[in-house]
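coords_37.csv follows; it contains CSV, C-alpha atoms.
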```csv
chain,number,residue,atom,x,y,z
A,1,MET,CA,91.3,150.9,54.4
A,2,LEU,CA,94.6,150.0,56.1
A,3,ARG,CA,95.3,146.4,55.3
A,4,SER,CA,95.9,143.8,58.0
A,5,PRO,CA,99.0,141.6,57.6
A,6,ILE,CA,98.5,138.5,55.5
A,7,ARG,CA,98.3,135.5,57.9
A,8,HIS,CA,96.4,133.0,55.8
A,9,CYS,CA,96.4,132.0,52.1
A,10,ARG,CA,93.6,133.5,50.0
A,11,ASN,CA,93.4,130.4,47.9
A,12,CYS,CA,93.4,127.6,50.5
A,13,GLY,CA,93.3,129.2,54.0
A,14,ALA,CA,96.5,127.6,55.2
A,15,ALA,CA,98.8,129.8,57.4
A,16,VAL,CA,101.4,131.5,55.2
A,17,VAL,CA,105.1,131.9,55.8
A,18,TYR,CA,107.2,135.0,54.9
A,19,ARG,CA,110.1,134.3,52.6
A,20,VAL,CA,111.8,135.3,49.3
A,21,PRO,CA,110.1,133.2,46.6
A,22,ASP,CA,112.4,131.0,44.4
A,23,ASP,CA,111.4,132.6,41.2
A,24,GLY,CA,114.1,135.3,41.1
A,25,ASP,CA,112.2,137.7,43.3
A,26,THR,CA,114.3,139.7,45.8
A,27,ARG,CA,111.6,140.6,48.4
A,28,GLU,CA,109.9,138.6,51.2
A,29,ARG,CA,106.3,137.7,50.3
A,30,ALA,CA,103.6,135.8,52.1
A,31,VAL,CA,104.0,132.3,50.6
A,32,CYS,CA,101.6,129.4,51.1
A,33,PRO,CA,103.4,126.2,52.2
A,34,ALA,CA,100.3,124.2,51.2
A,35,CYS,CA,99.4,125.4,47.7
A,36,ASP,CA,102.5,127.5,46.8
A,37,THR,CA,100.4,130.7,46.2
A,38,ILE,CA,102.6,133.8,46.4
A,39,HIS,CA,100.7,136.9,47.9
A,40,TYR,CA,101.9,140.3,46.6
A,41,GLU,CA,101.0,143.6,48.3
A,42,ASN,CA,101.4,146.7,46.2
A,43,PRO,CA,100.6,150.4,46.4
A,44,LEU,CA,97.1,151.7,46.0
A,45,ASN,CA,95.8,154.5,43.8
A,46,VAL,CA,93.7,157.3,45.2
A,47,VAL,CA,91.9,159.3,42.5
A,48,GLY,CA,90.2,162.6,42.8
A,49,THR,CA,89.4,166.0,41.3
A,50,VAL,CA,89.9,169.7,41.8
A,51,PRO,CA,86.4,170.9,41.0
A,52,TYR,CA,86.4,174.6,40.1
A,53,TRP,CA,83.7,177.2,39.6
A,54,GLY,CA,85.2,180.5,38.3
A,55,ASP,CA,88.0,181.3,40.7
A,56,HIS,CA,86.6,179.0,43.5
A,57,VAL,CA,87.3,175.4,44.2
A,58,LEU,CA,85.1,172.8,45.9
A,59,LEU,CA,86.2,171.3,49.1
A,60,CYS,CA,84.4,168.6,51.2
A,61,LYS,CA,84.3,168.4,55.0
A,62,ARG,CA,85.0,164.8,55.9
A,63,ASN,CA,82.3,162.9,57.8
A,64,ILE,CA,84.6,159.8,58.0
A,65,GLU,CA,87.8,158.8,59.7
A,66,PRO,CA,90.7,159.4,59.3
A,67,ARG,CA,90.7,163.3,59.6
A,68,TRP,CA,87.0,163.6,60.5
A,69,GLY,CA,85.9,167.2,60.2
A,70,LYS,CA,88.9,168.3,58.0
A,71,TRP,CA,88.5,169.6,54.5
A,72,THR,CA,89.5,167.6,51.4
A,73,LEU,CA,89.2,167.4,47.7
A,74,PRO,CA,86.8,164.7,46.5
A,75,ALA,CA,88.9,161.5,46.2
A,76,GLY,CA,89.0,157.9,47.1
A,77,PHE,CA,90.5,154.5,46.3
A,78,MET,CA,90.4,153.6,42.6
A,79,GLU,CA,88.4,150.4,41.9
A,80,LEU,CA,89.0,147.5,39.5
A,81,GLY,CA,87.4,148.0,36.1
A,82,GLU,CA,87.6,151.8,35.9
A,83,SER,CA,90.2,154.2,34.5
A,84,ALA,CA,91.9,156.8,36.8
A,85,GLU,CA,89.6,159.6,35.5
A,86,GLU,CA,86.5,157.4,35.8
A,87,GLY,CA,87.4,156.7,39.4
A,88,ALA,CA,88.0,160.4,40.1
A,89,ALA,CA,84.7,161.3,38.5
A,90,ARG,CA,82.9,158.6,40.5
A,91,GLU,CA,84.3,159.9,43.8
A,92,THR,CA,83.3,163.5,42.9
A,93,VAL,CA,79.7,162.3,42.4
A,94,GLU,CA,79.7,160.2,45.5
A,95,GLU,CA,81.3,162.7,47.9
A,96,ALA,CA,80.0,166.0,46.6
A,97,GLY,CA,77.0,165.2,44.3
A,98,ALA,CA,78.5,167.7,41.9
A,99,HIS,CA,77.8,168.2,38.2
A,100,PHE,CA,81.0,168.7,36.2
A,101,GLU,CA,83.0,168.0,33.1
A,102,MET,CA,86.3,166.2,33.6
A,103,GLU,CA,89.5,168.0,32.4
A,104,ASP,CA,93.2,167.2,32.4
A,105,LEU,CA,95.4,165.4,34.9
A,106,LEU,CA,96.9,167.9,37.3
A,107,SER,CA,98.9,166.0,39.9
A,108,VAL,CA,100.6,162.6,40.5
A,109,LEU,CA,101.8,162.2,44.1
A,110,SER,CA,103.6,159.2,45.4
A,111,VAL,CA,103.2,158.6,49.2
A,112,PRO,CA,105.7,155.8,49.9
A,113,ARG,CA,105.1,156.0,53.7
A,114,VAL,CA,101.6,154.6,53.2
A,115,GLY,CA,102.1,152.8,49.9
A,116,GLN,CA,99.8,155.1,47.7
A,117,VAL,CA,99.9,157.0,44.5
A,118,HIS,CA,97.4,159.9,44.3
A,119,LEU,CA,96.1,161.2,40.9
A,120,PHE,CA,94.0,164.4,40.7
A,121,TYR,CA,92.2,165.8,37.7
A,122,ARG,CA,90.7,169.3,37.1
A,123,ALA,CA,86.9,169.2,36.9
A,124,ARG,CA,84.9,172.2,35.6
A,125,LEU,CA,81.8,172.5,37.6
A,126,LEU,CA,78.5,173.0,35.7
A,127,SER,CA,76.5,174.1,38.8
A,128,ASP,CA,77.2,175.5,42.2
A,129,ARG,CA,74.6,173.3,43.8
A,130,PHE,CA,75.9,170.1,45.5
A,131,ASP,CA,74.3,167.1,47.0
A,132,PRO,CA,77.0,165.5,49.3
A,133,GLY,CA,76.9,161.8,50.2
A,134,HIS,CA,77.2,160.3,53.6
A,135,GLU,CA,81.0,160.6,53.7
A,136,THR,CA,80.7,164.4,53.6
A,137,ILE,CA,79.4,166.9,56.2
A,138,GLU,CA,79.4,169.9,53.9
A,139,ALA,CA,80.5,170.7,50.3
A,140,ARG,CA,81.5,174.3,49.8
A,141,LEU,CA,83.2,176.6,47.3
A,142,PHE,CA,86.3,178.5,48.4
A,143,ALA,CA,88.3,181.3,46.8
A,144,GLU,CA,92.1,180.9,47.2
A,145,SER,CA,92.2,183.5,50.0
A,146,GLU,CA,89.5,181.5,51.9
A,147,ILE,CA,91.1,178.0,51.8
A,148,PRO,CA,91.4,176.7,55.4
A,149,TRP,CA,95.0,175.7,54.9
A,150,ASP,CA,95.4,174.6,58.6
A,151,GLU,CA,92.3,172.3,58.3
A,152,ILE,CA,93.2,170.4,55.1
A,153,ALA,CA,93.0,166.7,55.6
A,154,PHE,CA,95.9,165.4,53.6
A,155,ARG,CA,99.3,166.6,52.3
A,156,THR,CA,98.4,165.4,48.8
A,157,VAL,CA,95.3,167.6,48.8
A,158,ARG,CA,97.3,170.6,50.1
A,159,GLU,CA,100.0,170.1,47.4
A,160,THR,CA,97.4,169.7,44.7
A,161,LEU,CA,95.6,172.9,45.7
A,162,LEU,CA,98.9,174.8,45.8
A,163,ALA,CA,99.7,173.5,42.3
A,164,TYR,CA,96.2,174.4,41.0
A,165,PHE,CA,96.3,178.0,42.2
A,166,ALA,CA,99.9,178.5,41.0
A,167,ASP,CA,99.1,177.2,37.5
A,168,ARG,CA,95.9,179.3,37.5
A,169,ARG,CA,97.9,182.4,38.2
A,170,ALA,CA,100.5,181.4,35.6
A,171,GLY,CA,97.7,181.0,33.0
A,172,ARG,CA,98.7,177.5,32.0
A,173,PHE,CA,98.2,174.1,33.6
A,174,ARG,CA,100.7,171.2,33.6
A,175,VAL,CA,101.0,167.9,35.4
A,176,HIS,CA,102.8,168.1,38.8
A,177,ASN,CA,104.7,164.9,39.8
A,178,LEU,CA,105.6,165.0,43.5
A,179,VAL,CA,106.8,162.7,46.3
A,180,ILE,CA,105.3,163.2,49.7
A,181,THR,CA,107.9,162.0,52.3
B,1,MET,CA,101.2,138.3,38.6
B,2,LEU,CA,97.5,137.6,37.9
B,3,ARG,CA,95.7,137.4,41.1
B,4,SER,CA,93.7,134.3,42.0
B,5,PRO,CA,90.2,134.9,43.4
B,6,ILE,CA,89.9,135.5,47.2
B,7,ARG,CA,88.5,132.2,48.7
B,8,HIS,CA,89.8,132.5,52.2
B,9,CYS,CA,90.2,135.3,54.8
B,10,ARG,CA,93.8,136.6,55.0
B,11,ASN,CA,93.3,137.2,58.7
B,12,CYS,CA,91.8,134.0,60.0
B,13,GLY,CA,91.6,131.6,57.0
B,14,ALA,CA,87.9,131.0,57.1
B,15,ALA,CA,86.0,130.8,53.7
B,16,VAL,CA,84.8,134.2,52.6
B,17,VAL,CA,81.5,135.2,51.2
B,18,TYR,CA,81.0,137.8,48.5
B,19,ARG,CA,78.5,140.6,49.4
B,20,VAL,CA,78.2,144.4,49.7
B,21,PRO,CA,79.5,145.4,53.1
B,22,ASP,CA,77.1,147.2,55.5
B,23,ASP,CA,79.4,150.3,55.8
B,24,GLY,CA,77.9,152.3,52.9
B,25,ASP,CA,80.0,150.5,50.3
B,26,THR,CA,78.3,149.9,46.9
B,27,ARG,CA,80.4,147.0,45.6
B,28,GLU,CA,80.6,143.3,46.4
B,29,ARG,CA,83.7,142.5,48.4
B,30,ALA,CA,85.1,139.2,49.9
B,31,VAL,CA,83.8,139.4,53.5
B,32,CYS,CA,84.9,137.0,56.3
B,33,PRO,CA,81.8,135.6,58.1
B,34,ALA,CA,84.1,134.6,61.0
B,35,CYS,CA,86.1,137.8,61.8
B,36,ASP,CA,84.3,140.4,59.6
B,37,THR,CA,87.5,141.4,57.7
B,38,ILE,CA,86.6,143.0,54.4
B,39,HIS,CA,89.0,142.3,51.5
B,40,TYR,CA,89.5,144.9,48.9
B,41,GLU,CA,91.1,144.4,45.5
B,42,ASN,CA,92.4,147.5,43.6
B,43,PRO,CA,94.3,148.4,40.5
B,44,LEU,CA,98.1,147.9,40.4
B,45,ASN,CA,100.7,150.3,39.3
B,46,VAL,CA,103.3,149.4,36.7
B,47,VAL,CA,106.3,151.8,36.6
B,48,GLY,CA,109.0,152.1,34.0
B,49,THR,CA,111.2,154.4,32.0
B,50,VAL,CA,112.0,155.5,28.5
B,51,PRO,CA,115.8,155.4,28.6
B,52,TYR,CA,117.3,157.5,25.8
B,53,TRP,CA,120.8,157.9,24.4
B,54,GLY,CA,120.9,160.7,21.8
B,55,ASP,CA,118.1,160.0,19.4
B,56,HIS,CA,117.9,156.3,20.4
B,57,VAL,CA,115.8,154.6,23.1
B,58,LEU,CA,116.5,151.4,25.0
B,59,LEU,CA,114.3,148.4,24.6
B,60,CYS,CA,114.5,145.1,26.3
B,61,LYS,CA,113.6,141.7,24.8
B,62,ARG,CA,111.5,139.8,27.3
B,63,ASN,CA,112.8,136.6,28.8
B,64,ILE,CA,109.6,136.0,30.8
B,65,GLU,CA,105.9,135.5,30.1
B,66,PRO,CA,103.7,137.1,29.1
B,67,ARG,CA,105.0,138.1,25.7
B,68,TRP,CA,108.3,136.2,25.9
B,69,GLY,CA,110.6,137.4,23.1
B,70,LYS,CA,108.7,140.7,22.5
B,71,TRP,CA,110.3,144.1,23.1
B,72,THR,CA,109.4,146.3,26.0
B,73,LEU,CA,110.5,149.4,27.9
B,74,PRO,CA,112.0,148.5,31.3
B,75,ALA,CA,109.0,148.4,33.7
B,76,GLY,CA,107.4,146.3,36.4
B,77,PHE,CA,105.1,146.3,39.4
B,78,MET,CA,105.6,149.2,41.9
B,79,GLU,CA,106.4,147.9,45.4
B,80,LEU,CA,105.4,149.1,48.8
B,81,GLY,CA,107.8,151.7,50.3
B,82,GLU,CA,109.0,153.3,47.1
B,83,SER,CA,107.8,156.3,45.0
B,84,ALA,CA,106.7,155.8,41.4
B,85,GLU,CA,110.0,157.1,40.1
B,86,GLU,CA,112.1,155.0,42.5
B,87,GLY,CA,110.2,152.0,41.3
B,88,ALA,CA,110.8,153.0,37.7
B,89,ALA,CA,114.5,153.4,38.3
B,90,ARG,CA,114.7,150.1,40.2
B,91,GLU,CA,113.1,148.2,37.2
B,92,THR,CA,115.5,149.9,34.8
B,93,VAL,CA,118.5,148.7,36.8
B,94,GLU,CA,117.0,145.2,37.2
B,95,GLU,CA,115.9,144.6,33.6
B,96,ALA,CA,118.6,146.5,31.7
B,97,GLY,CA,121.5,147.1,34.1
B,98,ALA,CA,121.5,150.7,32.7
B,99,HIS,CA,123.3,153.8,34.1
B,100,PHE,CA,121.0,156.8,33.8
B,101,GLU,CA,119.5,159.9,35.4
B,102,MET,CA,115.8,160.0,36.0
B,103,GLU,CA,113.9,162.8,34.3
B,104,ASP,CA,110.2,163.9,34.1
B,105,LEU,CA,107.0,161.9,34.1
B,106,LEU,CA,106.0,161.2,30.4
B,107,SER,CA,102.9,159.0,30.5
B,108,VAL,CA,100.1,157.9,32.7
B,109,LEU,CA,98.0,155.1,31.2
B,110,SER,CA,95.0,153.4,32.7
B,111,VAL,CA,94.3,149.9,31.6
B,112,PRO,CA,90.9,149.1,33.2
B,113,ARG,CA,90.6,145.7,31.4
B,114,VAL,CA,93.4,144.4,33.6
B,115,GLY,CA,93.1,146.8,36.6
B,116,GLN,CA,96.4,148.6,36.1
B,117,VAL,CA,97.8,152.1,35.9
B,118,HIS,CA,101.2,152.5,34.1
B,119,LEU,CA,103.5,155.4,34.8
B,120,PHE,CA,106.6,156.0,32.6
B,121,TYR,CA,109.4,158.5,33.2
B,122,ARG,CA,112.1,159.7,30.8
B,123,ALA,CA,115.6,158.5,31.8
B,124,ARG,CA,118.7,160.0,30.3
B,125,LEU,CA,121.3,157.2,29.7
B,126,LEU,CA,124.8,157.9,30.9
B,127,SER,CA,126.3,155.0,29.0
B,128,ASP,CA,125.4,152.8,26.1
B,129,ARG,CA,126.6,149.7,27.9
B,130,PHE,CA,124.0,147.5,29.5
B,131,ASP,CA,124.0,144.5,31.8
B,132,PRO,CA,120.5,143.0,31.5
B,133,GLY,CA,119.1,140.8,34.3
B,134,HIS,CA,117.5,137.4,34.0
B,135,GLU,CA,114.1,138.8,32.8
B,136,THR,CA,115.8,140.2,29.7
B,137,ILE,CA,117.2,138.3,26.7
B,138,GLU,CA,118.8,141.4,25.2
B,139,ALA,CA,118.9,145.2,25.8
B,140,ARG,CA,119.4,147.3,22.7
B,141,LEU,CA,119.2,150.9,21.5
B,142,PHE,CA,116.8,151.7,18.6
B,143,ALA,CA,116.4,154.9,16.5
B,144,GLU,CA,112.8,155.8,15.9
B,145,SER,CA,113.0,154.3,12.4
B,146,GLU,CA,114.3,151.0,13.8
B,147,ILE,CA,111.6,150.4,16.4
B,148,PRO,CA,110.1,146.9,15.9
B,149,TRP,CA,106.5,148.2,16.1
B,150,ASP,CA,105.0,144.8,15.4
B,151,GLU,CA,107.0,143.2,18.1
B,152,ILE,CA,106.2,145.5,21.0
B,153,ALA,CA,105.0,143.6,24.0
B,154,PHE,CA,102.3,145.9,25.4
B,155,ARG,CA,99.9,148.7,24.2
B,156,THR,CA,101.1,151.0,27.1
B,157,VAL,CA,104.7,150.6,25.8
B,158,ARG,CA,103.7,151.4,22.2
B,159,GLU,CA,101.7,154.5,23.3
B,160,THR,CA,104.5,155.7,25.5
B,161,LEU,CA,107.1,155.3,22.7
B,162,LEU,CA,104.7,157.2,20.2
B,163,ALA,CA,104.3,160.0,22.8
B,164,TYR,CA,108.1,160.1,23.4
B,165,PHE,CA,109.0,160.5,19.7
B,166,ALA,CA,106.1,162.9,19.0
B,167,ASP,CA,107.3,165.2,21.9
B,168,ARG,CA,110.9,164.9,20.9
B,169,ARG,CA,110.1,166.1,17.4
B,170,ALA,CA,107.9,168.9,18.8
B,171,GLY,CA,110.9,170.0,21.0
B,172,ARG,CA,109.0,169.9,24.3
B,173,PHE,CA,107.8,167.1,26.6
B,174,ARG,CA,104.5,167.0,28.4
B,175,VAL,CA,102.7,164.3,30.4
B,176,HIS,CA,100.4,162.1,28.3
B,177,ASN,CA,97.3,160.8,30.1
B,178,LEU,CA,95.7,157.9,28.2
B,179,VAL,CA,93.2,155.1,28.7
B,180,ILE,CA,93.9,151.8,27.0
B,181,THR,CA,90.6,150.1,26.2
```
Serialized structure, structure tokens:
Amino acid sequence: MLRSPIRHCRNCGAAVVYRVPDDGDTRERAVCPACDTIHYENPLNVVGTVPYWGDHVLLCKRNIEPRWGKWTLPAGFMELGESAEEGAARETVEEAGAHFEMEDLLSVLSVPRVGQVHLFYRARLLSDRFDPGHETIEARLFAESEIPWDEIAFRTVRETLLAYFADRRAGRFRVHNLVIT
Amino acid sequence: MLRSPIRHCRNCGAAVVYRVPDDGDTRERAVCPACDTIHYENPLNVVGTVPYWGDHVLLCKRNIEPRWGKWTLPAGFMELGESAEEGAARETVEEAGAHFEMEDLLSVLSVPRVGQVHLFYRARLLSDRFDPGHETIEARLFAESEIPWDEIAFRTVRETLLAYFADRRAGRFRVHNLVIT
């Protein structure tokens, strides 16, 4: 879901120009010379879960690019009309076909390099049977010692797993706010 | 910054059609019949701070719509290329001209009705002198008993202030994850 540059106005289709708008803004935006629409581009939210079953967590082997074949937590782009936790729950159903109860927010990770903010919630699994969707090759439970650390798809997933296991050992969970550079 | 509907393709300018793409997606998107670009629309992040000075917090009286003349915490839309806390700090400089040190994440608020996720950080003020920008009529410190609760611009600001003062009384801060319906 990498976005192509804005070349044309979403409102009227005219070719845009890049300039700082006259409204006090300080950044260049794609501005339409025909109808004056200003086009903003902003970071995206990725929302997901750490589904756990006893001392195991659920990982999904990716059947899509990027990082095909690598392991990830269930997560995806948040949609309009849903809360962050609703989006995280939706992705967990879509990617793993899991049954679970949502719990607390665990991590908030800014990734300025790609313009994203990732939010992960803990999810208590109600079953160890999964029914992964087309984006997942395999959904499987891992103990901490079994996590394929060299085969984790994304830095945000790695940091969230590290935070989860550290908090689990400490006997209390908190929200981890991180920046991935 | 309400977004107009997508009528034309950002890539080639052709008129789009709304349909579910053939790639396994389940939602209608604006799809270009000429160049096949799929246009996604996703929630936006609003990032801000709770700047505090002793037992007072800084509020800004809005000089812009919506909610002109109402009081708010310094906050605004997160930009590409910055972390959530960098964006929150930038808005605090732009709207209040404050000097401060960023502290921990305090609140994460989904607002599905408008497709937004708000993130507020505590910020310890280093001075009680402010130099508000053009979006602010007045920047002023308030004790809890002085907060103009009926004149607060946004529900997310109200909930964040309530969380801040509750945590302050409790003697420990945590991250509050809320959904504003």
Residues of chain B within 6 Å of chain A, counting all atoms listed in the file, as a list in words:
Ile6, Arg7, His8, Arg10, Asn11, Gly13, Asn42, Pro43, Glu79, Leu80, Gly81, Glu82, Ser83, Ser110, Pro112 and Gly115 of chain B
Store the residues of this selection in a file with C-alpha atoms, as a PDB file, in the frame of the given file.
```pdb
ATOM      1  CA  ILE B   6      89.900 135.500  47.200  1.00  0.00           C
ATOM      2  CA  ARG B   7      88.500 132.200  48.700  1.00  0.00           C
ATOM      3  CA  HIS B   8      89.800 132.500  52.200  1.00  0.00           C
ATOM      4  CA  ARG B  10      93.800 136.600  55.000  1.00  0.00           C
ATOM      5  CA  ASN B  11      93.300 137.200  58.700  1.00  0.00           C
ATOM      6  CA  GLY B  13      91.600 131.600  57.000  1.00  0.00           C
ATOM      7  CA  ASN B  42      92.400 147.500  43.600  1.00  0.00           C
ATOM      8  CA  PRO B  43      94.300 148.400  40.500  1.00  0.00           C
ATOM      9  CA  GLU B  79     106.400 147.900  45.400  1.00  0.00           C
ATOM     10  CA  LEU B  80     105.400 149.100  48.800  1.00  0.00           C
ATOM     11  CA  GLY B  81     107.800 151.700  50.300  1.00  0.00           C
ATOM     12  CA  GLU B  82     109.000 153.300  47.100  1.00  0.00           C
ATOM     13  CA  SER B  83     107.800 156.300  45.000  1.00  0.00           C
ATOM     14  CA  SER B 110      95.000 153.400  32.700  1.00  0.00           C
ATOM     15  CA  PRO B 112      90.900 149.100  33.200  1.00  0.00           C
ATOM     16  CA  GLY B 115      93.100 146.800  36.600  1.00  0.00           C
TER      17      GLY B 115
END
```
Taking (112.6, 147.0, 41.2) as a centre in this file's frame and 10 Å as the limit, can you find every polymer residue with an atom that close, using all atoms listed in the file, and give them as JSON, numbers by chain?
{"A": [25, 26, 27], "B": [47, 48, 75, 76, 77, 78, 79, 82, 86, 87, 88, 89, 90, 91, 92, 93, 94, 95]}
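Across A:Glu101, A:Asp167, A:Trp71, A:Arg19, the tightest approach to Arg124 (chain A) is made by A:Glu101 when counting all atoms listed in the file.
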Is it possible to get the residues within 7 Å of (104.8, 143.6, 26.4) (coordinates as in the file, counting all atoms listed in the file) written as a VMD selection string?
chain B and resid 67 70 to 72 152 to 154
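CA of Leu73 (chain A) sits 5.1 Å away from CA of Leu59 (chain A).
Taking CA of Arg122 (chain A) and CA of Ile137 (chain A) as endpoints, the distance between them is 22.3 Å.
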Given only C-alpha atoms as the basis, pick out the residue of A:Tyr52, A:Asp128, A:Glu138, A:Arg169 nearest to Met102 (chain A).
A:Tyr52
Using all atoms listed in the file, determine which residues lie at most 10 Å from Leu162 (chain A), disregarding the query and same-chain residues fewer than 5 positions distant; provide the list as a PyMOL selection string.
chain A and resi 144+149+156-157+167-168
Spatial neighbours of His56 (chain B), max dist 12 Å, all atoms listed in the file, sep filter under 3 positions, as an MDAnalysis selection string:
chainID B and resid 50:53 59 123:125 128 140:147 161 164:165 168
